[in-house]
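Participant: Got a structure for you, data08.txt, holding compact mmCIF, C-alpha atoms.
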# COMPACT_ATOMS: atom_id res chain seq x y z
CA MET O 1 -80.40 29.00 -58.95
CA THR O 2 -76.64 28.54 -58.56
CA GLN O 3 -74.58 31.73 -58.73
CA GLN O 4 -72.43 31.66 -61.88
CA ASN O 5 -69.38 33.79 -62.68
CA TRP O 6 -67.93 32.36 -65.88
CA GLY O 7 -65.71 34.25 -68.30
CA ARG O 8 -62.19 34.61 -66.87
CA VAL O 9 -60.82 31.97 -69.23
CA LEU O 10 -57.65 30.10 -68.23
CA THR O 11 -57.00 32.16 -65.14
CA LEU O 12 -56.25 29.85 -62.26
CA GLY O 13 -56.20 29.53 -58.51
CA VAL O 14 -54.41 27.06 -56.26
CA GLU O 15 -55.49 25.79 -52.84
CA GLU O 16 -53.06 23.94 -50.57
CA GLU O 17 -54.01 22.08 -47.38
CA LEU O 18 -51.24 22.30 -44.77
CA MET O 19 -50.86 20.75 -41.33
CA LEU O 20 -49.99 22.82 -38.26
CA VAL O 21 -47.61 20.80 -36.10
CA ASP O 22 -45.86 21.38 -32.81
CA ALA O 23 -42.34 22.66 -33.47
CA GLU O 24 -40.88 20.14 -31.01
CA THR O 25 -43.01 17.00 -31.15
CA LEU O 26 -44.19 17.44 -34.78
CA SER O 27 -47.67 16.26 -33.77
CA GLN O 28 -50.63 18.21 -35.07
CA ARG O 29 -52.05 20.94 -32.86
CA PRO O 30 -55.53 22.51 -33.15
CA VAL O 31 -54.31 26.10 -33.49
CA SER O 32 -55.74 27.14 -36.86
CA ALA O 33 -57.77 30.01 -35.38
CA ASP O 34 -54.70 31.40 -33.60
CA VAL O 35 -52.56 31.06 -36.72
CA ILE O 36 -55.08 32.49 -39.19
CA SER O 37 -55.55 35.61 -37.06
CA ARG O 38 -51.77 36.19 -37.12
CA VAL O 39 -51.09 35.69 -40.84
CA ARG O 40 -49.96 38.83 -42.64
CA THR O 41 -49.81 38.56 -46.42
CA GLU O 42 -50.19 40.87 -49.40
CA ARG O 43 -51.98 38.32 -51.59
CA GLY O 44 -54.12 35.29 -51.07
CA LEU O 45 -56.01 33.95 -48.06
CA VAL O 46 -55.48 31.46 -45.25
CA LYS O 47 -58.71 29.71 -44.21
CA HIS O 48 -60.07 27.04 -41.88
CA GLU O 49 -60.36 23.41 -42.91
CA LEU O 50 -62.24 20.43 -41.43
CA PHE O 51 -59.69 19.88 -38.68
CA ALA O 52 -58.45 22.67 -36.42
CA SER O 53 -54.90 21.49 -37.13
CA ILE O 54 -55.22 22.16 -40.87
CA VAL O 55 -55.31 25.41 -42.83
CA GLU O 56 -56.11 26.08 -46.47
CA LEU O 57 -53.82 28.42 -48.40
CA ASN O 58 -55.73 30.07 -51.25
CA SER O 59 -53.80 31.90 -53.96
CA GLY O 60 -56.76 33.87 -55.30
CA VAL O 61 -57.06 34.49 -59.05
CA CYS O 62 -53.73 34.29 -60.92
CA ASP O 63 -52.80 34.65 -64.57
CA SER O 64 -50.23 31.85 -64.77
CA PRO O 65 -49.04 28.73 -62.92
CA ASP O 66 -45.78 30.48 -62.02
CA GLU O 67 -47.68 33.35 -60.45
CA ALA O 68 -49.86 30.96 -58.47
CA ARG O 69 -46.79 29.06 -57.23
CA ASP O 70 -45.14 32.29 -56.09
CA VAL O 71 -48.26 33.41 -54.21
CA VAL O 72 -48.57 30.03 -52.49
CA HIS O 73 -44.89 30.10 -51.59
CA SER O 74 -45.37 33.48 -49.92
CA LEU O 75 -48.44 32.15 -48.12
CA ARG O 76 -46.43 29.22 -46.79
CA ARG O 77 -43.79 31.57 -45.39
CA ALA O 78 -46.41 33.84 -43.82
CA THR O 79 -48.27 30.88 -42.32
CA ALA O 80 -45.07 29.36 -40.93
CA GLU O 81 -44.19 32.68 -39.31
CA ALA O 82 -47.65 32.95 -37.76
CA ALA O 83 -47.47 29.34 -36.57
CA GLY O 84 -44.09 30.03 -34.99
CA ALA O 85 -45.71 32.59 -32.71
CA VAL O 86 -47.72 29.78 -31.06
CA GLY O 87 -44.91 27.21 -30.97
CA CYS O 88 -45.80 25.47 -34.21
CA THR O 89 -44.69 25.15 -37.80
CA ILE O 90 -46.17 23.88 -41.08
CA ALA O 91 -46.02 20.47 -42.70
CA ALA O 92 -47.11 19.79 -46.28
CA ALA O 93 -47.91 16.19 -47.24
CA GLY O 94 -50.87 14.04 -48.19
CA SER O 95 -51.13 12.62 -44.65
CA HIS O 96 -49.44 12.92 -41.27
CA PRO O 97 -47.19 9.87 -40.90
CA THR O 98 -47.94 9.23 -37.20
CA ASP O 99 -50.99 11.09 -35.89
CA ILE O 100 -54.36 9.38 -35.45
CA ALA O 101 -56.87 11.12 -37.73
CA SER O 102 -59.95 10.49 -35.59
CA GLU O 103 -58.27 12.12 -32.58
CA GLN O 104 -57.88 15.49 -34.31
CA GLU O 105 -60.13 18.32 -33.18
CA ILE O 106 -62.80 19.54 -35.61
CA ALA O 107 -62.65 23.22 -36.55
CA ASP O 108 -65.19 25.44 -34.80
CA GLU O 109 -67.23 26.13 -37.93
CA GLU O 110 -70.93 25.31 -38.23
CA HIS O 111 -70.74 23.66 -41.66
CA TYR O 112 -67.91 21.37 -40.53
CA ARG O 113 -69.82 20.35 -37.40
CA GLY O 114 -72.84 19.57 -39.58
CA PHE O 115 -70.74 17.53 -41.97
CA VAL O 116 -69.23 15.47 -39.13
CA GLU O 117 -72.66 14.87 -37.63
CA TYR O 118 -73.85 13.51 -40.97
CA ALA O 119 -70.75 11.60 -42.15
CA GLY O 120 -69.67 10.41 -38.68
CA PRO O 121 -66.55 8.23 -38.61
CA THR O 122 -65.96 8.60 -42.34
CA ALA O 123 -65.50 12.35 -41.79
CA ARG O 124 -63.22 11.88 -38.80
CA ARG O 125 -61.00 9.57 -40.87
CA GLN O 126 -60.24 12.39 -43.33
CA GLY O 127 -56.77 13.15 -41.99
CA VAL O 128 -55.51 13.68 -45.54
CA GLN O 129 -54.55 16.72 -47.57
CA GLY O 130 -54.60 17.62 -51.25
CA VAL O 131 -53.93 20.48 -53.60
CA HIS O 132 -56.85 21.80 -55.66
CA VAL O 133 -56.38 23.69 -58.92
CA HIS O 134 -59.10 25.94 -60.36
CA VAL O 135 -59.00 26.88 -64.04
CA GLY O 136 -61.27 29.61 -65.42
CA MET O 137 -63.89 28.55 -67.96
CA PRO O 138 -65.88 30.65 -70.47
CA ASP O 139 -69.30 29.14 -69.68
CA ALA O 140 -71.01 26.21 -68.01
CA GLU O 141 -71.45 23.98 -71.08
CA THR O 142 -67.79 24.39 -72.03
CA CYS O 143 -66.80 23.54 -68.47
CA LEU O 144 -68.56 20.18 -68.76
CA ARG O 145 -66.93 19.51 -72.14
CA VAL O 146 -63.47 20.24 -70.70
CA LEU O 147 -64.23 18.09 -67.66
CA GLU O 148 -64.90 15.06 -69.86
CA HIS O 149 -61.56 15.50 -71.65
CA CYS O 150 -59.72 15.77 -68.31
CA VAL O 151 -61.24 12.79 -66.48
CA PRO O 152 -59.32 10.00 -68.30
CA TRP O 153 -55.94 11.62 -67.49
CA LEU O 154 -56.50 12.30 -63.80
CA PRO O 155 -55.11 8.94 -62.61
CA VAL O 156 -51.78 10.00 -64.14
CA VAL O 157 -51.91 13.17 -62.05
CA LEU O 158 -52.61 11.12 -58.93
CA ALA O 159 -49.81 8.66 -59.68
CA LEU O 160 -47.17 11.36 -59.97
CA SER O 161 -48.46 13.30 -56.97
CA ALA O 162 -48.66 10.35 -54.54
CA ASN O 163 -47.43 11.63 -51.16
CA SER O 164 -49.27 9.76 -48.40
CA PRO O 165 -47.65 6.32 -47.89
CA TRP O 166 -47.77 6.52 -44.08
CA PHE O 167 -51.01 6.70 -42.10
CA GLU O 168 -51.34 6.55 -38.32
CA GLY O 169 -47.81 5.23 -37.87
CA GLU O 170 -48.03 2.47 -40.46
CA ARG O 171 -46.83 1.93 -44.02
CA THR O 172 -50.18 1.29 -45.67
CA GLY O 173 -48.86 -0.36 -48.83
CA LEU O 174 -50.41 2.47 -50.85
CA LEU O 175 -48.38 5.38 -52.19
CA SER O 176 -51.50 7.58 -52.01
CA THR O 177 -53.41 6.51 -48.94
CA ARG O 178 -55.30 9.78 -49.27
CA ALA O 179 -57.04 8.59 -52.45
CA GLU O 180 -58.52 5.60 -50.64
CA ILE O 181 -59.42 7.57 -47.49
CA LEU O 182 -61.37 10.00 -49.70
CA GLY O 183 -63.22 6.97 -50.99
CA LEU O 184 -64.89 6.64 -47.58
CA LEU O 185 -66.83 9.83 -48.24
CA PRO O 186 -70.21 10.00 -49.95
CA ARG O 187 -70.14 11.48 -53.48
CA HIS O 188 -66.47 10.70 -54.18
CA GLY O 189 -64.46 9.69 -57.27
CA ALA O 190 -65.43 10.81 -60.76
CA PRO O 191 -68.67 12.67 -61.41
CA PRO O 192 -71.25 11.09 -63.69
CA ARG O 193 -71.28 12.19 -67.29
CA PHE O 194 -73.58 15.15 -67.92
CA GLU O 195 -75.02 15.75 -71.36
CA ALA O 196 -75.95 19.35 -70.56
CA TRP O 197 -75.58 21.90 -67.78
CA SER O 198 -79.25 21.47 -66.95
CA ASP O 199 -78.45 17.84 -66.02
CA TRP O 200 -75.79 19.05 -63.56
CA GLU O 201 -78.20 21.58 -62.05
CA ARG O 202 -80.91 18.94 -61.77
CA LEU O 203 -78.66 16.52 -59.87
CA ILE O 204 -77.34 19.19 -57.50
CA SER O 205 -80.92 20.33 -56.84
CA ARG O 206 -81.92 16.79 -55.90
CA PHE O 207 -79.09 16.58 -53.37
CA VAL O 208 -79.86 20.00 -51.91
CA GLU O 209 -83.64 19.63 -51.80
CA SER O 210 -83.33 16.26 -50.06
CA GLY O 211 -81.13 17.83 -47.38
CA VAL O 212 -78.13 15.63 -48.19
CA VAL O 213 -75.87 18.64 -48.88
CA PRO O 214 -76.24 22.39 -48.34
CA GLY O 215 -74.84 23.12 -51.80
CA TYR O 216 -72.57 21.76 -54.50
CA GLY O 217 -69.56 22.38 -52.23
CA GLY O 218 -70.62 19.20 -50.43
CA ILE O 219 -69.92 17.14 -53.56
CA HIS O 220 -66.46 15.59 -53.12
CA TRP O 221 -65.71 14.50 -56.69
CA ASP O 222 -62.10 14.44 -57.92
CA ILE O 223 -63.07 17.05 -60.51
CA ARG O 224 -66.08 19.33 -60.47
CA PRO O 225 -67.48 22.55 -61.89
CA HIS O 226 -67.33 25.51 -59.51
CA PRO O 227 -69.82 27.97 -61.05
CA LYS O 228 -69.50 30.52 -58.22
CA PHE O 229 -65.83 30.94 -59.14
CA GLY O 230 -66.40 30.27 -62.84
CA THR O 231 -63.87 27.44 -62.79
CA LEU O 232 -63.27 23.78 -63.34
CA GLU O 233 -61.77 22.49 -60.07
CA VAL O 234 -59.35 19.55 -60.16
CA ARG O 235 -58.99 17.97 -56.72
CA MET O 236 -56.98 14.88 -57.61
CA PRO O 237 -53.36 15.49 -56.47
CA ASP O 238 -52.00 14.64 -53.06
CA GLN O 239 -50.62 17.70 -51.27
CA PRO O 240 -47.00 18.19 -52.39
CA THR O 241 -44.29 18.82 -49.81
CA ASP O 242 -42.06 20.76 -52.19
CA VAL O 243 -43.85 23.95 -53.24
CA ALA O 244 -42.17 23.70 -56.65
CA ARG O 245 -44.21 20.55 -57.25
CA THR O 246 -47.39 22.43 -56.38
CA GLY O 247 -46.45 24.78 -59.21
CA ALA O 248 -45.70 21.85 -61.50
CA PHE O 249 -49.11 20.26 -60.94
CA ALA O 250 -50.78 23.63 -61.45
CA ALA O 251 -48.92 23.92 -64.77
CA LEU O 252 -49.89 20.39 -65.83
CA ILE O 253 -53.58 20.84 -65.00
CA HIS O 254 -53.66 24.30 -66.58
CA GLY O 255 -52.09 22.87 -69.74
CA LEU O 256 -54.56 19.99 -69.80
CA ALA O 257 -57.51 22.39 -69.51
CA ARG O 258 -56.10 24.69 -72.18
CA TRP O 259 -55.75 21.75 -74.58
CA ALA O 260 -59.23 20.48 -73.72
CA LEU O 261 -60.78 23.85 -74.47
CA GLU O 262 -59.72 23.43 -78.10
CA GLN O 263 -61.22 19.94 -78.50
CA PRO O 264 -64.64 18.87 -79.78
CA PRO O 265 -66.88 16.91 -77.39
CA ALA O 266 -65.12 13.81 -76.06
CA ASP O 267 -66.00 10.28 -77.13
CA PRO O 268 -67.97 8.88 -74.15
CA ALA O 269 -65.88 5.69 -74.28
CA THR O 270 -62.70 7.57 -73.33
CA GLY O 271 -64.30 8.70 -70.09
CA ASP O 272 -65.49 5.24 -69.04
CA ARG O 273 -65.89 5.56 -65.25
CA ALA O 274 -65.13 1.89 -64.62
CA VAL O 275 -61.77 2.27 -66.37
CA PHE O 276 -61.19 5.51 -64.48
CA MET O 277 -61.77 3.83 -61.11
CA GLN O 278 -59.43 0.96 -61.97
CA ASN O 279 -56.71 3.40 -63.02
CA ARG O 280 -57.35 5.56 -59.97
CA TRP O 281 -56.83 2.56 -57.70
CA ALA O 282 -53.64 1.56 -59.52
CA ALA O 283 -52.30 5.11 -59.15
CA SER O 284 -53.07 5.03 -55.42
CA ARG O 285 -51.33 1.68 -54.97
CA PHE O 286 -48.27 2.04 -57.18
CA GLY O 287 -47.81 5.75 -57.89
CA PRO O 288 -45.53 6.41 -60.87
CA ARG O 289 -44.95 2.66 -61.33
CA ALA O 290 -48.64 1.98 -61.90
CA GLY O 291 -49.94 0.05 -64.88
CA PHE O 292 -53.05 1.57 -66.49
CA ILE O 293 -55.69 0.67 -69.01
CA HIS O 294 -55.21 3.15 -71.84
CA PRO O 295 -58.29 5.40 -71.82
CA GLU O 296 -58.50 5.56 -75.62
CA ARG O 297 -57.29 2.15 -76.83
CA GLY O 298 -59.64 -0.53 -75.56
CA GLY O 299 -57.80 -3.06 -73.41
CA VAL O 300 -54.29 -1.83 -74.16
CA ALA O 301 -52.08 -1.74 -71.05
CA VAL O 302 -49.73 1.21 -70.54
CA THR O 303 -47.37 2.37 -67.81
CA ALA O 304 -47.95 5.58 -65.91
CA ALA O 305 -44.69 6.94 -67.31
CA ASP O 306 -45.70 6.25 -70.90
CA LEU O 307 -49.19 7.66 -70.43
CA TYR O 308 -47.72 10.81 -68.89
CA ALA O 309 -45.34 11.16 -71.84
CA GLU O 310 -48.29 10.88 -74.21
CA LEU O 311 -50.22 13.48 -72.21
CA ALA O 312 -47.28 15.89 -72.08
CA GLU O 313 -46.77 15.67 -75.84
CA ARG O 314 -50.47 16.17 -76.47
CA ILE O 315 -50.84 19.30 -74.32
CA GLY O 316 -47.37 20.75 -74.87
CA VAL O 317 -46.56 20.94 -71.14
CA ASP O 318 -44.02 18.68 -69.39
CA PRO O 319 -43.32 19.96 -65.85
CA LEU O 320 -42.78 16.65 -64.02
CA GLY O 321 -40.44 13.68 -63.92
CA THR O 322 -41.84 10.16 -63.79
CA ASP O 323 -39.10 8.18 -62.06
CA ALA O 324 -40.31 8.81 -58.51
CA CYS O 325 -42.89 10.63 -56.40
CA GLU O 326 -42.70 12.25 -52.98
CA ALA O 327 -44.13 9.09 -51.36
CA ASP O 328 -40.85 7.41 -52.34
CA VAL O 329 -38.97 10.07 -50.38
CA GLN O 330 -41.10 9.40 -47.31
CA LEU O 331 -40.59 5.65 -47.62
CA GLY O 332 -36.83 6.21 -47.56
CA PHE O 333 -37.21 6.53 -43.79
CA ASP O 334 -37.75 3.51 -41.54
CA ASP O 335 -39.24 5.64 -38.77
CA PRO O 336 -42.42 7.63 -39.58
CA HIS O 337 -41.31 10.37 -37.18
CA ASP O 338 -38.20 10.87 -39.30
CA ALA O 339 -40.41 11.06 -42.39
CA THR O 340 -42.46 13.75 -40.64
CA ALA O 341 -39.33 15.74 -39.74
CA ASP O 342 -38.13 15.60 -43.34
CA ALA O 343 -41.53 16.76 -44.62
CA VAL O 344 -41.45 19.72 -42.23
CA ARG O 345 -37.97 20.66 -43.41
CA ARG O 346 -38.87 20.43 -47.10
CA SER O 347 -42.16 22.30 -46.61
CA LEU O 348 -40.20 25.40 -45.62
CA THR O 349 -37.68 25.51 -48.48
Turn this file's structure into structure tokens for me.

Facilitator:
Amino acid sequence: MTQQNWGRVLTLGVEEELMLVDAETLSQRPVSADVISRVRTERGLVKHELFASIVELNSGVCDSPDEARDVVHSLRRATAEAAGAVGCTIAAAGSHPTDIASEQEIADEEHYRGFVEYAGPTARRQGVQGVHVHVGMPDAETCLRVLEHCVPWLPVVLALSANSPWFEGERTGLLSTRAEILGLLPRHGAPPRFEAWSDWERLISRFVESGVVPGYGGIHWDIRPHPKFGTLEVRMPDQPTDVARTGAFAALIHGLARWALEQPPADPATGDRAVFMQNRWAASRFGPRAGFIHPERGGVAVTAADLYAELAERIGVDPLGTDACEADVQLGFDDPHDATADAVRRSLT
């Protein structure tokens, strides 16, 4: 039986994935253990990630998006200070513009070693970072209802968050390379539609009993229930460089969940997974200039900007602009090393 801790409604938590890079060369260094042991912070946690050159900043439970942003900002400063003690600094972006993902050292954690043994090269290709937003839910059934209302709008979130146009020294032609790299993993993309919480439990049990995953944490969907925390977890955005944008995406996702809580069960047609995957791909390729299939209007085409405007009006939250994304900033540099240096600088402001 999965541990469940529902009830802290509309609280939220934010998780950032940051790179630890050499202060001189700006290449990643596998120093997460050294950095984590040196971090001193009043709130939140800094944790290991798959690669030893990545750390997760975890805000803990917050009452508002602004509070979560402030905690994460403090965690960035504390992590940068700790990294400085070992000749490194932090870099926040959806991917490292130059480093080779498969050459990065895996963190010395048993569950990561097990994952790499199972997933092999698809795990070692995961040199990409995102921001995850948890929103507190009252109960499991409501969490699934809110999830269905959120799914159709997630490609908009991806489009505006795109921040990984460079990968292993090359312009990939995608504004969110991360979204497609995640697609190499088993159990990625949107979850199936669940009619009841018992359906979710039944599917997770099948995965666990077969030995495919140790628990639901091994399910890499873009959005998923997290019953242990009592939250709906949205994992769609690329990792922002500017911490203010982390706060903006937290505010957008929080507002979307708050609106969804007030809605009756969604029409299954609006959550069509085939339409979702098409829109997800378009967001990855074109970012804020993507063209989407409207999730509620049959075959009607709509721009990312117009769909975001519709979403913002619907939920009463409008924290983002739609004219550009941080991938555009990175692509303003001809040399990926210069893009890396700019990301480091902006990560610390």

Participant: Take the point (-59.2, 10.6, -31.7) as written in the file and pick out every residue within 12 Å of it, counting all atoms listed in the file; give the list as a PDB file with C-alpha atoms, keeping the file's coordinate frame.

Facilitator:
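selection34.pdb, written as the output of this step:
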ATOM      1  CA  GLN O  28     -50.630  18.210 -35.070  1.00  0.00           C
ATOM      2  CA  PHE O  51     -59.690  19.880 -38.680  1.00  0.00           C
ATOM      3  CA  ASP O  99     -50.990  11.090 -35.890  1.00  0.00           C
ATOM      4  CA  ILE O 100     -54.360   9.380 -35.450  1.00  0.00           C
ATOM      5  CA  ALA O 101     -56.870  11.120 -37.730  1.00  0.00           C
ATOM      6  CA  SER O 102     -59.950  10.490 -35.590  1.00  0.00           C
ATOM      7  CA  GLU O 103     -58.270  12.120 -32.580  1.00  0.00           C
ATOM      8  CA  GLN O 104     -57.880  15.490 -34.310  1.00  0.00           C
ATOM      9  CA  GLU O 105     -60.130  18.320 -33.180  1.00  0.00           C
ATOM     10  CA  ILE O 106     -62.800  19.540 -35.610  1.00  0.00           C
ATOM     11  CA  PRO O 121     -66.550   8.230 -38.610  1.00  0.00           C
ATOM     12  CA  ARG O 124     -63.220  11.880 -38.800  1.00  0.00           C
ATOM     13  CA  ARG O 125     -61.000   9.570 -40.870  1.00  0.00           C
ATOM     14  CA  GLN O 126     -60.240  12.390 -43.330  1.00  0.00           C
ATOM     15  CA  GLY O 127     -56.770  13.150 -41.990  1.00  0.00           C
ATOM     16  CA  GLU O 168     -51.340   6.550 -38.320  1.00  0.00           C
TER      17      GLU O 168
END

Participant: Point out the residue among O:Cys150, O:Ile223, O:Ala140, O:Val71 with the least atom-to-atom distance to O:Glu201, counting all atoms listed in the file.

Facilitator: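 The closest residue to O:Glu201 is O:Ala140.
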
Participant: Using only C-alpha atoms, pick whichever of O:Gly189, O:Pro295, O:Pro152, O:Pro225 has the shortest atom-to-atom distance to O:Ile204.

Facilitator: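 The closest residue to O:Ile204 is O:Pro225.
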
Participant: Can you work out which one of O:Ala119, O:Val157, O:Val243, O:Val14 has the shortest atom-to-atom distance to O:Arg187, counting all atoms listed in the file?

Facilitator: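 Of the candidates, the smallest distance to O:Arg187 is held by O:Ala119.
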
Participant: Given the choices O:Ala327, O:Leu50, O:Leu174, O:Ile219, which gets closest to O:Glu233 if the distance is worked out from only C-alpha atoms?

Facilitator: O:Ile219

Participant: Env of O:Glu110: 12 Å cut, atoms = all atoms listed in the file, seq-sep filter 4 positions within chain, self excluded. Answer as JSON, numbers by chain.

Facilitator: {"O": [48, 49, 50, 106, 114, 115, 116, 117, 214]}

Participant: Which is closest to O:Ala312 among O:Asp328, O:Pro191, O:Glu170, O:Val156, if we use all atoms listed in the file?

Facilitator: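 Under the stated criterion, the closest residue is O:Val156.
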
Participant: So, counting only C-alpha atoms, which residue among O:Ala82, O:Val151, O:Val212, O:Ala52 is closest to O:Glu296?

Facilitator: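 Answer, going by the shortest atom-to-atom distance: O:Val151.
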
Participant: Work out how far apart atom CA of O:Ile315 and atom CA of O:Asn5 are and give it in Å to one decimal.

Facilitator: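 Value for the atom CA of O:Ile315-atom CA of O:Asn5 distance: 26.3 Å.
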
Participant: Enter the distance from atom CA of O:Asp66 to atom CA of O:Glu310, in Å, rounded to one decimal.

Facilitator: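 Interatomic distance, atom CA of O:Asp66 to atom CA of O:Glu310: 23.2 Å.
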
Participant: As an exercise, work out the distance from atom CA of O:Thr142 to atom CA of O:Pro192 in Å and give it to one decimal place.

Facilitator: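 Pair atom CA of O:Thr142 / atom CA of O:Pro192 returns 16.1 Å.
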
Participant: Under the rule of at most 9 Å, produce a per-residue listing of stretch 128-186 of chain O near stretch 90-94 of chain O: chain, number, name, the closest pair of atoms, and the distance in Å, as a Markdown table, using all atoms listed in the file.

Facilitator:
| residue | atom | partner | partner_atom | distance |
| --- | --- | --- | --- | --- |
| O:Val128 | CA | O:Gly94 | CA | 5.4 |
| O:Gln129 | CA | O:Gly94 | CA | 4.6 |
| O:Gly130 | CA | O:Gly94 | CA | 6.0 |
| O:Val131 | CA | O:Gly94 | CA | 9.0 |
| O:Ala162 | CA | O:Gly94 | CA | 7.7 |
| O:Asn163 | CA | O:Gly94 | CA | 5.1 |
| O:Ser164 | CA | O:Gly94 | CA | 4.6 |
| O:Pro165 | CA | O:Gly94 | CA | 8.4 |
| O:Ser176 | CA | O:Gly94 | CA | 7.5 |
| O:Thr177 | CA | O:Gly94 | CA | 8.0 |
| O:Arg178 | CA | O:Gly94 | CA | 6.2 |

Participant: Would you write out those residues with C-alpha atoms, as an mmCIF file, in the frame of the given file?

Facilitator:
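Listed below is the output, again_13.cif:
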data_model
loop_
_atom_site.group_PDB
_atom_site.id
_atom_site.type_symbol
_atom_site.label_atom_id
_atom_site.label_comp_id
_atom_site.auth_asym_id
_atom_site.auth_seq_id
_atom_site.Cartn_x
_atom_site.Cartn_y
_atom_site.Cartn_z
ATOM 1 C CA VAL O 128 -55.510 13.680 -45.540
ATOM 2 C CA GLN O 129 -54.550 16.720 -47.570
ATOM 3 C CA GLY O 130 -54.600 17.620 -51.250
ATOM 4 C CA VAL O 131 -53.930 20.480 -53.600
ATOM 5 C CA ALA O 162 -48.660 10.350 -54.540
ATOM 6 C CA ASN O 163 -47.430 11.630 -51.160
ATOM 7 C CA SER O 164 -49.270 9.760 -48.400
ATOM 8 C CA PRO O 165 -47.650 6.320 -47.890
ATOM 9 C CA SER O 176 -51.500 7.580 -52.010
ATOM 10 C CA THR O 177 -53.410 6.510 -48.940
ATOM 11 C CA ARG O 178 -55.300 9.780 -49.270
#

Participant: Counting all atoms listed in the file, note down every residue that has an atom within 6 Å of the point (-48.4, 7.9, -40.4) (file coordinates), as an MDAnalysis selection string.

Facilitator: chainID O and resid 96:98 166:170

Participant: Can you tell me, as JSON, the centre and edge lengths (Å, one decimal) of the axis-aligned box enclosing all of stretch 3-15 of chain O's listed atoms after padding each side by 5 Å?

Facilitator:
{"center_x": -64.5, "center_y": 30.2, "center_z": -61.0, "size_x": 30.2, "size_y": 18.8, "size_z": 26.4}

Participant: Compile the contact shell of O:Glu16 as a PyMOL selection string: residues with an atom at most 12 Å away, counting all atoms listed in the file, same-chain residues fewer than 2 positions apart removed.

Facilitator: chain O and resi 13-14+18-19+44-49+54-60+68-69+71-73+75-76+79+90-94+128-134+235+237-243+245-247+249-250+347

Participant: The selected residues should be written to file as an mmCIF file, in the coordinates of the input (atoms: C-alpha atoms).

Facilitator:
data_model
loop_
_atom_site.group_PDB
_atom_site.id
_atom_site.type_symbol
_atom_site.label_atom_id
_atom_site.label_comp_id
_atom_site.auth_asym_id
_atom_site.auth_seq_id
_atom_site.Cartn_x
_atom_site.Cartn_y
_atom_site.Cartn_z
ATOM 1 C CA GLY O 13 -56.200 29.530 -58.510
ATOM 2 C CA VAL O 14 -54.410 27.060 -56.260
ATOM 3 C CA LEU O 18 -51.240 22.300 -44.770
ATOM 4 C CA MET O 19 -50.860 20.750 -41.330
ATOM 5 C CA GLY O 44 -54.120 35.290 -51.070
ATOM 6 C CA LEU O 45 -56.010 33.950 -48.060
ATOM 7 C CA VAL O 46 -55.480 31.460 -45.250
ATOM 8 C CA LYS O 47 -58.710 29.710 -44.210
ATOM 9 C CA HIS O 48 -60.070 27.040 -41.880
ATOM 10 C CA GLU O 49 -60.360 23.410 -42.910
ATOM 11 C CA ILE O 54 -55.220 22.160 -40.870
ATOM 12 C CA VAL O 55 -55.310 25.410 -42.830
ATOM 13 C CA GLU O 56 -56.110 26.080 -46.470
ATOM 14 C CA LEU O 57 -53.820 28.420 -48.400
ATOM 15 C CA ASN O 58 -55.730 30.070 -51.250
ATOM 16 C CA SER O 59 -53.800 31.900 -53.960
ATOM 17 C CA GLY O 60 -56.760 33.870 -55.300
ATOM 18 C CA ALA O 68 -49.860 30.960 -58.470
ATOM 19 C CA ARG O 69 -46.790 29.060 -57.230
ATOM 20 C CA VAL O 71 -48.260 33.410 -54.210
ATOM 21 C CA VAL O 72 -48.570 30.030 -52.490
ATOM 22 C CA HIS O 73 -44.890 30.100 -51.590
ATOM 23 C CA LEU O 75 -48.440 32.150 -48.120
ATOM 24 C CA ARG O 76 -46.430 29.220 -46.790
ATOM 25 C CA THR O 79 -48.270 30.880 -42.320
ATOM 26 C CA ILE O 90 -46.170 23.880 -41.080
ATOM 27 C CA ALA O 91 -46.020 20.470 -42.700
ATOM 28 C CA ALA O 92 -47.110 19.790 -46.280
ATOM 29 C CA ALA O 93 -47.910 16.190 -47.240
ATOM 30 C CA GLY O 94 -50.870 14.040 -48.190
ATOM 31 C CA VAL O 128 -55.510 13.680 -45.540
ATOM 32 C CA GLN O 129 -54.550 16.720 -47.570
ATOM 33 C CA GLY O 130 -54.600 17.620 -51.250
ATOM 34 C CA VAL O 131 -53.930 20.480 -53.600
ATOM 35 C CA HIS O 132 -56.850 21.800 -55.660
ATOM 36 C CA VAL O 133 -56.380 23.690 -58.920
ATOM 37 C CA HIS O 134 -59.100 25.940 -60.360
ATOM 38 C CA ARG O 235 -58.990 17.970 -56.720
ATOM 39 C CA PRO O 237 -53.360 15.490 -56.470
ATOM 40 C CA ASP O 238 -52.000 14.640 -53.060
ATOM 41 C CA GLN O 239 -50.620 17.700 -51.270
ATOM 42 C CA PRO O 240 -47.000 18.190 -52.390
ATOM 43 C CA THR O 241 -44.290 18.820 -49.810
ATOM 44 C CA ASP O 242 -42.060 20.760 -52.190
ATOM 45 C CA VAL O 243 -43.850 23.950 -53.240
ATOM 46 C CA ARG O 245 -44.210 20.550 -57.250
ATOM 47 C CA THR O 246 -47.390 22.430 -56.380
ATOM 48 C CA GLY O 247 -46.450 24.780 -59.210
ATOM 49 C CA PHE O 249 -49.110 20.260 -60.940
ATOM 50 C CA ALA O 250 -50.780 23.630 -61.450
ATOM 51 C CA SER O 347 -42.160 22.300 -46.610
#

Participant: Residues near O:Arg38, anyone? I mean within 10 Å using all atoms listed in the file, not counting same-chain ones fewer than 2 positions away, as a compact mmCIF listing (two decimals) with C-alpha atoms, in the coordinates of the input.

Facilitator:
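Just written: part23.txt:
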# COMPACT_ATOMS: atom_id res chain seq x y z
CA SER O 32 -55.74 27.14 -36.86
CA ALA O 33 -57.77 30.01 -35.38
CA ASP O 34 -54.70 31.40 -33.60
CA VAL O 35 -52.56 31.06 -36.72
CA ILE O 36 -55.08 32.49 -39.19
CA ARG O 40 -49.96 38.83 -42.64
CA THR O 41 -49.81 38.56 -46.42
CA ALA O 78 -46.41 33.84 -43.82
CA THR O 79 -48.27 30.88 -42.32
CA GLU O 81 -44.19 32.68 -39.31
CA ALA O 82 -47.65 32.95 -37.76
CA ALA O 83 -47.47 29.34 -36.57
CA ALA O 85 -45.71 32.59 -32.71
CA VAL O 86 -47.72 29.78 -31.06
